[in-house]
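J.: To be precise about what I am sending: the file is called data_19.cif and holds mmCIF, C-alpha atoms.
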data_work
loop_
_atom_site.group_PDB
_atom_site.id
_atom_site.type_symbol
_atom_site.label_atom_id
_atom_site.label_comp_id
_atom_site.auth_asym_id
_atom_site.auth_seq_id
_atom_site.Cartn_x
_atom_site.Cartn_y
_atom_site.Cartn_z
ATOM 1 C CA MET H 142 0.000 0.000 0.000
ATOM 2 C CA MET H 143 1.292 3.426 -0.912
ATOM 3 C CA THR H 144 1.294 5.913 1.930
ATOM 4 C CA GLU H 145 0.868 9.666 1.502
ATOM 5 C CA PHE H 146 4.594 9.957 2.209
ATOM 6 C CA ASN H 147 5.472 7.603 -0.668
ATOM 7 C CA LYS H 148 3.015 9.358 -2.986
ATOM 8 C CA GLU H 149 4.548 12.760 -2.273
ATOM 9 C CA ILE H 150 8.132 11.470 -2.628
ATOM 10 C CA ASP H 151 7.220 9.828 -5.949
ATOM 11 C CA ALA H 152 5.411 12.949 -7.196
ATOM 12 C CA ALA H 153 8.429 15.123 -6.314
ATOM 13 C CA PHE H 154 10.781 12.640 -8.021
ATOM 14 C CA GLN H 155 8.653 12.645 -11.188
ATOM 15 C CA SER H 156 8.304 16.452 -11.198
ATOM 16 C CA ALA H 157 12.068 16.891 -10.890
ATOM 17 C CA TRP H 158 12.732 14.264 -13.576
ATOM 18 C CA HIS H 159 10.281 15.784 -16.067
ATOM 19 C CA ALA H 160 11.520 19.350 -15.518
ATOM 20 C CA ALA H 161 13.642 21.066 -18.143
ATOM 21 C CA LYS H 162 17.422 20.756 -17.707
ATOM 22 C CA GLY H 163 18.316 22.665 -14.536
ATOM 23 C CA GLY H 164 14.657 23.076 -13.502
ATOM 24 C CA ASP H 165 11.721 25.075 -14.844
ATOM 25 C CA ALA H 166 8.723 27.095 -13.635
ATOM 26 C CA LYS H 167 6.636 23.982 -12.911
ATOM 27 C CA TRP H 168 9.451 22.493 -10.808
ATOM 28 C CA TYR H 169 9.873 25.764 -8.911
ATOM 29 C CA GLU H 170 6.157 25.663 -8.079
ATOM 30 C CA VAL H 171 6.759 22.258 -6.462
ATOM 31 C CA MET H 172 9.752 23.637 -4.538
ATOM 32 C CA GLN H 173 7.744 26.662 -3.433
ATOM 33 C CA GLN H 174 4.817 24.458 -2.363
ATOM 34 C CA TYR H 175 7.148 22.683 0.096
ATOM 35 C CA GLY H 176 9.114 25.784 1.086
ATOM 36 C CA ALA H 177 12.351 24.350 -0.334
ATOM 37 C CA GLU H 178 15.036 26.804 -1.404
ATOM 38 C CA PRO H 179 16.148 26.639 -5.066
ATOM 39 C CA LEU H 180 19.786 27.050 -6.057
ATOM 40 C CA SER H 181 20.981 30.537 -6.936
ATOM 41 C CA GLU H 182 21.417 31.295 -10.648
ATOM 42 C CA GLY H 183 25.190 31.595 -10.121
ATOM 43 C CA LEU H 184 25.451 28.180 -8.511
ATOM 44 C CA LYS H 185 23.242 26.636 -11.213
ATOM 45 C CA LYS H 186 25.538 28.035 -13.901
ATOM 46 C CA GLU H 187 28.587 26.688 -12.046
ATOM 47 C CA LEU H 188 27.006 23.231 -11.731
ATOM 48 C CA LEU H 189 25.918 23.168 -15.393
ATOM 49 C CA GLU H 190 29.544 23.832 -16.362
ATOM 50 C CA SER H 191 30.986 21.334 -13.853
ATOM 51 C CA GLU H 192 32.163 17.783 -14.375
ATOM 52 C CA MET H 193 28.833 16.397 -13.141
ATOM 53 C CA LYS H 194 26.548 16.712 -16.147
ATOM 54 C CA ILE H 195 22.789 16.463 -16.268
ATOM 55 C CA GLY H 196 20.879 15.700 -19.442
ATOM 56 C CA ARG H 197 17.487 16.737 -18.116
ATOM 57 C CA GLY H 198 15.579 17.514 -14.949
ATOM 58 C CA ALA H 199 16.158 19.556 -11.828
ATOM 59 C CA PHE H 200 19.421 19.372 -9.908
ATOM 60 C CA PRO H 201 19.656 16.458 -7.437
ATOM 61 C CA ILE H 202 20.296 18.822 -4.514
ATOM 62 C CA GLU H 203 16.999 20.612 -5.219
ATOM 63 C CA LEU H 204 15.127 17.289 -5.221
ATOM 64 C CA ARG H 205 16.868 16.442 -1.926
ATOM 65 C CA ARG H 206 15.664 19.740 -0.426
ATOM 66 C CA VAL H 207 12.060 18.947 -1.405
ATOM 67 C CA MET H 208 12.332 15.374 -0.074
ATOM 68 C CA GLU H 209 13.724 16.726 3.230
ATOM 69 C CA LYS H 210 10.584 18.878 3.570
ATOM 70 C CA ILE H 211 8.380 15.848 2.819
ATOM 71 C CA MET H 212 10.301 13.809 5.425
ATOM 72 C CA ALA H 213 9.727 16.536 8.014
ATOM 73 C CA LYS H 214 6.003 16.432 7.181
ATOM 74 C CA TYR H 215 5.833 12.639 7.729
ATOM 75 C CA PRO H 216 8.439 11.872 10.431
ATOM 76 C CA ASN H 217 7.208 8.322 11.153
ATOM 77 C CA ASP H 218 7.019 7.226 7.511
ATOM 78 C CA SER H 219 10.398 8.742 6.712
ATOM 79 C CA LYS H 220 12.392 6.790 9.327
ATOM 80 C CA SER H 221 13.287 3.999 6.909
ATOM 81 C CA PHE H 222 13.623 6.245 3.837
ATOM 82 C CA ALA H 223 17.068 5.984 2.180
ATOM 83 C CA MET H 224 17.588 9.573 1.000
ATOM 84 C CA ASP H 225 21.090 9.152 -0.480
ATOM 85 C CA GLN H 226 19.992 6.057 -2.385
ATOM 86 C CA LYS H 227 16.935 7.856 -3.834
ATOM 87 C CA VAL H 228 19.024 10.896 -4.860
ATOM 88 C CA LEU H 229 21.575 8.604 -6.536
ATOM 89 C CA GLU H 230 18.760 6.727 -8.334
ATOM 90 C CA TYR H 231 17.509 10.097 -9.579
ATOM 91 C CA TYR H 232 20.979 11.154 -10.771
ATOM 92 C CA GLN H 233 21.327 7.876 -12.690
ATOM 93 C CA LYS H 234 18.125 8.792 -14.568
ATOM 94 C CA ILE H 235 19.109 12.378 -15.443
ATOM 95 C CA LYS H 236 22.771 12.028 -16.318
ATOM 96 C CA PRO H 237 23.435 12.108 -20.062
ATOM 97 C CA PHE H 238 24.230 8.882 -21.900
ATOM 98 C CA THR H 239 27.869 9.144 -22.869
ATOM 99 C CA GLY H 240 27.915 6.329 -25.397
ATOM 100 C CA LEU H 241 30.413 3.537 -25.858
ATOM 101 C CA GLY H 242 32.880 5.675 -27.815
ATOM 102 C CA ASP H 243 33.795 7.516 -24.631
ATOM 103 C CA ILE H 244 34.865 4.286 -22.943
ATOM 104 C CA PHE H 245 37.534 3.678 -25.562
ATOM 105 C CA ALA H 246 38.605 7.324 -25.660
ATOM 106 C CA ASN H 247 39.077 7.276 -21.888
ATOM 107 C CA ALA H 248 40.941 3.976 -22.060
ATOM 108 C CA SER H 249 43.416 5.179 -24.692
ATOM 109 C CA THR H 250 44.207 8.426 -22.863
ATOM 110 C CA GLY H 251 44.575 6.479 -19.626
ATOM 111 C CA THR H 252 46.964 3.990 -21.230
ATOM 112 C CA ALA H 253 49.279 6.749 -22.439
ATOM 113 C CA LYS H 254 49.145 8.480 -19.072
ATOM 114 C CA TYR H 255 50.089 5.418 -17.019
ATOM 115 C CA SER H 256 52.630 3.835 -19.361
ATOM 116 C CA GLN H 257 55.184 6.629 -19.184
ATOM 117 C CA GLY H 258 57.677 5.488 -16.508
ATOM 118 C CA LEU H 259 57.971 8.512 -14.231
ATOM 119 C CA GLN H 260 54.926 10.647 -13.718
ATOM 120 C CA LYS H 261 54.272 14.075 -12.316
ATOM 121 C CA ALA H 262 52.934 14.328 -8.787
ATOM 122 C CA LYS H 263 49.433 12.921 -8.633
ATOM 123 C CA HIS H 264 46.514 15.263 -8.141
ATOM 124 C CA ASN H 265 43.931 14.036 -5.688
ATOM 125 C CA THR H 266 40.348 15.267 -5.936
ATOM 126 C CA ILE H 267 37.952 14.773 -3.061
ATOM 127 C CA LYS H 268 34.720 13.313 -4.406
ATOM 128 C CA CYS H 269 31.262 12.860 -2.950
ATOM 129 C CA LYS H 270 30.839 9.365 -1.481
ATOM 130 C CA ASN H 271 27.264 9.224 -2.829
ATOM 131 C CA CYS H 272 27.276 10.586 -6.403
ATOM 132 C CA GLY H 273 31.001 10.920 -7.178
ATOM 133 C CA ALA H 274 30.899 14.666 -7.874
ATOM 134 C CA PRO H 275 34.224 16.393 -7.283
ATOM 135 C CA ARG H 276 34.302 18.925 -4.467
ATOM 136 C CA LEU H 277 33.864 22.240 -6.310
ATOM 137 C CA GLU H 278 35.196 24.557 -3.636
ATOM 138 C CA GLU H 279 38.488 24.037 -1.827
ATOM 139 C CA MET H 280 37.105 24.979 1.587
ATOM 140 C CA GLN H 281 33.916 22.923 1.190
ATOM 141 C CA TYR H 282 33.669 20.446 4.065
ATOM 142 C CA ASP H 283 29.942 20.043 4.626
ATOM 143 C CA ASN H 284 27.639 18.785 1.865
ATOM 144 C CA CYS H 285 28.060 18.011 -1.832
ATOM 145 C CA LEU H 286 26.942 20.980 -3.924
ATOM 146 C CA PHE H 287 25.539 18.587 -6.532
ATOM 147 C CA CYS H 288 23.469 16.019 -4.608
ATOM 148 C CA GLY H 289 23.518 17.379 -1.046
ATOM 149 C CA SER H 290 25.016 14.287 0.645
ATOM 150 C CA GLU H 291 27.579 14.735 3.407
ATOM 151 C CA LEU H 292 31.049 14.894 1.851
ATOM 152 C CA PHE H 293 32.758 13.340 4.850
ATOM 153 C CA GLU H 294 31.724 10.767 7.431
ATOM 154 C CA ARG H 295 30.931 12.208 10.842
ATOM 155 C CA THR H 296 32.530 10.523 13.842
#
Go ahead and express the file in the form of structure tokens.
T.:
Amino acid sequence: MMTEFNKEIDAAFQSAWHAAKGGDAKWYEVMQQYGAEPLSEGLKKELLESEMKIGRGAFPIELRRVMEKIMAKYPNDSKSFAMDQKVLEYYQKIKPFTGLGDIFANASTGTAKYSQGLQKAKHNTIKCKNCGAPRLEEMQYDNCLFCGSELFERT
């Protein structure tokens, strides 16, 4: 049986998924209805130009913000809700299909890079444990700007 909580989560998921790339007026109505804060235009532009591409739909962090409001509305039903898993499922649906050609292009550039005896110092990028997005700001230690998950485990 579908609870009101599940219905609202599913409706938010579908609204985000069917929105234009980066969100649209209809999606912002959904966000406004729940009192969720949309991303600033500057941050949207930065995310659209980042390594984490979307092919359609609202940004995962905006969907997370709406789902957080729904969870607050139904605290008992939301206890077993796996937010990170749902956000990742959503990202898998909206990320662009890269095609098989990219696999071979990546493999050939990787082969050249790792087959040259001595290498330059390695560059390490901190990535989100949930969606894999690189940390966009050097002093960012809280949540992923892309999906909203915690970047680091709390002890």
J.: Could you list, as number ranges by chain, every residue matched by the PyMOL selection byres ((chain H and resi 206) around 10) in this structure?
T.: H: 172, 175-179, 201-205, 207-212, 288-289
J.: Restricting the calculation to all atoms listed in the file, which member of H:Cys269, H:Leu180, H:Met224, H:Ile195 is positioned closest to H:Ile150?
T.: H:Met224
J.: Give me the residues within 10 Å of stretch 157-163 of chain H as an MDAnalysis selection string, counting all atoms listed in the file and dropping any in the same chain fewer than 3 places off.
T.: chainID H and resid 151:154 166:169 171:172 180 182 185:186 188:189 195:201 203:204 207 231:232 234:235
J.: Using the selection just defined, write its residues with C-alpha atoms as a compact mmCIF listing (two decimals), in the coordinates of the input.
T.:
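Resulting contents of part_31.txt:
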# COMPACT_ATOMS: atom_id res chain seq x y z
CA ASP H 151 7.22 9.83 -5.95
CA ALA H 152 5.41 12.95 -7.20
CA ALA H 153 8.43 15.12 -6.31
CA PHE H 154 10.78 12.64 -8.02
CA ALA H 166 8.72 27.10 -13.64
CA LYS H 167 6.64 23.98 -12.91
CA TRP H 168 9.45 22.49 -10.81
CA TYR H 169 9.87 25.76 -8.91
CA VAL H 171 6.76 22.26 -6.46
CA MET H 172 9.75 23.64 -4.54
CA LEU H 180 19.79 27.05 -6.06
CA GLU H 182 21.42 31.30 -10.65
CA LYS H 185 23.24 26.64 -11.21
CA LYS H 186 25.54 28.04 -13.90
CA LEU H 188 27.01 23.23 -11.73
CA LEU H 189 25.92 23.17 -15.39
CA ILE H 195 22.79 16.46 -16.27
CA GLY H 196 20.88 15.70 -19.44
CA ARG H 197 17.49 16.74 -18.12
CA GLY H 198 15.58 17.51 -14.95
CA ALA H 199 16.16 19.56 -11.83
CA PHE H 200 19.42 19.37 -9.91
CA PRO H 201 19.66 16.46 -7.44
CA GLU H 203 17.00 20.61 -5.22
CA LEU H 204 15.13 17.29 -5.22
CA VAL H 207 12.06 18.95 -1.40
CA TYR H 231 17.51 10.10 -9.58
CA TYR H 232 20.98 11.15 -10.77
CA LYS H 234 18.12 8.79 -14.57
CA ILE H 235 19.11 12.38 -15.44
J.: Using the file's own x, y and z axes, so that the box edges lie along x, y and z, what centre and edge lengths in Å (one decimal) does a box around every listed atom of stretch 151-169 of chain H get when 3 Å is added on each side? Give it as lines of an AutoDock Vina configuration file.
T.:
center_x = 11.9
center_y = 18.5
center_z = -12.0
size_x = 18.9
size_y = 23.3
size_z = 18.2
J.: Find the residue from H:Cys272, H:Ser191, H:Gly164, H:Phe287 that sits nearest to H:Lys227; use all atoms listed in the file when measuring.
T.: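 Nearest to H:Lys227: H:Cys272.
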J.: To one decimal place in Å, what is the distance between atom CA of H:Ser181 and atom CA of H:Leu286?
T.: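 Answer for the atom CA of H:Ser181 to atom CA of H:Leu286 separation: 11.7 Å.
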J.: Using Å and a single decimal, report how far atom CA of H:Ala274 sits from atom CA of H:Lys194.
T.: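 Straight-line distance from atom CA of H:Lys194 to atom CA of H:Ala274 works out to 9.6 Å.
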J.: Would you work out the distance separating atom CA of H:Lys268 from atom CA of H:Asp283, expressed in Å to one decimal?
T.: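 For atom CA of H:Lys268 relative to atom CA of H:Asp283, the distance reads 12.2 Å.
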J.: Would you please work out which residue, of H:Gln174, H:Asn147, H:Ser156, H:Asn284, is nearest to H:Asp225 when using all atoms listed in the file?
T.: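 Checking each candidate against H:Asp225, we get H:Asn284 as the closest.
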J.: Check the smallest atom-to-atom distance from each of H:Arg276, H:Glu192, H:Phe222, H:Glu187 to H:Pro237 using all atoms listed in the file, then report the winner.
T.: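 Once distances to H:Pro237 are computed over all atoms listed in the file, the minimum belongs to H:Glu192.
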J.: Generate the missing atoms of stretch 201-230 of chain H up to N, CA and C atoms and report them as a CSV table (one decimal), in the frame of the given file.
T.:
chain,number,residue,atom,x,y,z
H,201,PRO,N,19.9,17.4,-8.5
H,201,PRO,CA,19.7,16.5,-7.4
H,201,PRO,C,19.6,17.1,-6.1
H,202,ILE,N,20.3,18.2,-5.8
H,202,ILE,CA,20.3,18.8,-4.5
H,202,ILE,C,18.9,19.5,-4.3
H,203,GLU,N,18.3,20.0,-5.4
H,203,GLU,CA,17.0,20.6,-5.2
H,203,GLU,C,16.0,19.6,-4.9
H,204,LEU,N,16.0,18.4,-5.5
H,204,LEU,CA,15.1,17.3,-5.2
H,204,LEU,C,15.3,16.9,-3.8
H,205,ARG,N,16.6,16.8,-3.3
H,205,ARG,CA,16.9,16.4,-1.9
H,205,ARG,C,16.2,17.4,-1.0
H,206,ARG,N,16.3,18.7,-1.3
H,206,ARG,CA,15.7,19.7,-0.4
H,206,ARG,C,14.2,19.6,-0.3
H,207,VAL,N,13.5,19.2,-1.4
H,207,VAL,CA,12.1,18.9,-1.4
H,207,VAL,C,11.8,17.7,-0.6
H,208,MET,N,12.6,16.6,-0.8
H,208,MET,CA,12.3,15.4,-0.1
H,208,MET,C,12.6,15.6,1.4
H,209,GLU,N,13.5,16.4,1.8
H,209,GLU,CA,13.7,16.7,3.2
H,209,GLU,C,12.5,17.4,3.8
H,210,LYS,N,11.8,18.2,3.1
H,210,LYS,CA,10.6,18.9,3.6
H,210,LYS,C,9.5,17.8,3.7
H,211,ILE,N,9.4,16.9,2.8
H,211,ILE,CA,8.4,15.8,2.8
H,211,ILE,C,8.7,14.9,4.0
H,212,MET,N,9.9,14.6,4.3
H,212,MET,CA,10.3,13.8,5.4
H,212,MET,C,9.9,14.5,6.7
H,213,ALA,N,10.1,15.8,6.8
H,213,ALA,CA,9.7,16.5,8.0
H,213,ALA,C,8.2,16.5,8.2
H,214,LYS,N,7.5,16.5,7.1
H,214,LYS,CA,6.0,16.4,7.2
H,214,LYS,C,5.5,15.1,7.7
H,215,TYR,N,6.2,14.0,7.4
H,215,TYR,CA,5.8,12.6,7.7
H,215,TYR,C,7.0,12.0,8.5
H,216,PRO,N,7.3,12.4,9.7
H,216,PRO,CA,8.4,11.9,10.4
H,216,PRO,C,8.4,10.4,10.7
H,217,ASN,N,7.3,9.8,10.9
H,217,ASN,CA,7.2,8.3,11.2
H,217,ASN,C,7.5,7.5,9.9
H,218,ASP,N,6.8,7.9,8.8
H,218,ASP,CA,7.0,7.2,7.5
H,218,ASP,C,8.4,7.4,7.0
H,219,SER,N,9.1,8.5,7.3
H,219,SER,CA,10.4,8.7,6.7
H,219,SER,C,11.6,8.1,7.4
H,220,LYS,N,11.3,7.4,8.6
H,220,LYS,CA,12.4,6.8,9.3
H,220,LYS,C,13.2,5.8,8.5
H,221,SER,N,12.6,5.0,7.7
H,221,SER,CA,13.3,4.0,6.9
H,221,SER,C,13.6,4.5,5.5
H,222,PHE,N,13.4,5.7,5.2
H,222,PHE,CA,13.6,6.2,3.8
H,222,PHE,C,15.1,6.5,3.6
H,223,ALA,N,15.6,5.9,2.5
H,223,ALA,CA,17.1,6.0,2.2
H,223,ALA,C,17.3,7.2,1.2
H,224,MET,N,17.5,8.3,1.8
H,224,MET,CA,17.6,9.6,1.0
H,224,MET,C,18.7,9.5,0.0
H,225,ASP,N,19.9,9.2,0.4
H,225,ASP,CA,21.1,9.2,-0.5
H,225,ASP,C,20.9,8.2,-1.6
H,226,GLN,N,20.3,7.1,-1.4
H,226,GLN,CA,20.0,6.1,-2.4
H,226,GLN,C,19.0,6.6,-3.4
H,227,LYS,N,18.0,7.3,-2.9
H,227,LYS,CA,16.9,7.9,-3.8
H,227,LYS,C,17.5,9.0,-4.7
H,228,VAL,N,18.4,9.8,-4.1
H,228,VAL,CA,19.0,10.9,-4.9
H,228,VAL,C,19.9,10.3,-5.9
H,229,LEU,N,20.7,9.3,-5.6
H,229,LEU,CA,21.6,8.6,-6.5
H,229,LEU,C,20.8,8.0,-7.7
H,230,GLU,N,19.7,7.3,-7.3
H,230,GLU,CA,18.8,6.7,-8.3
H,230,GLU,C,18.3,7.8,-9.3
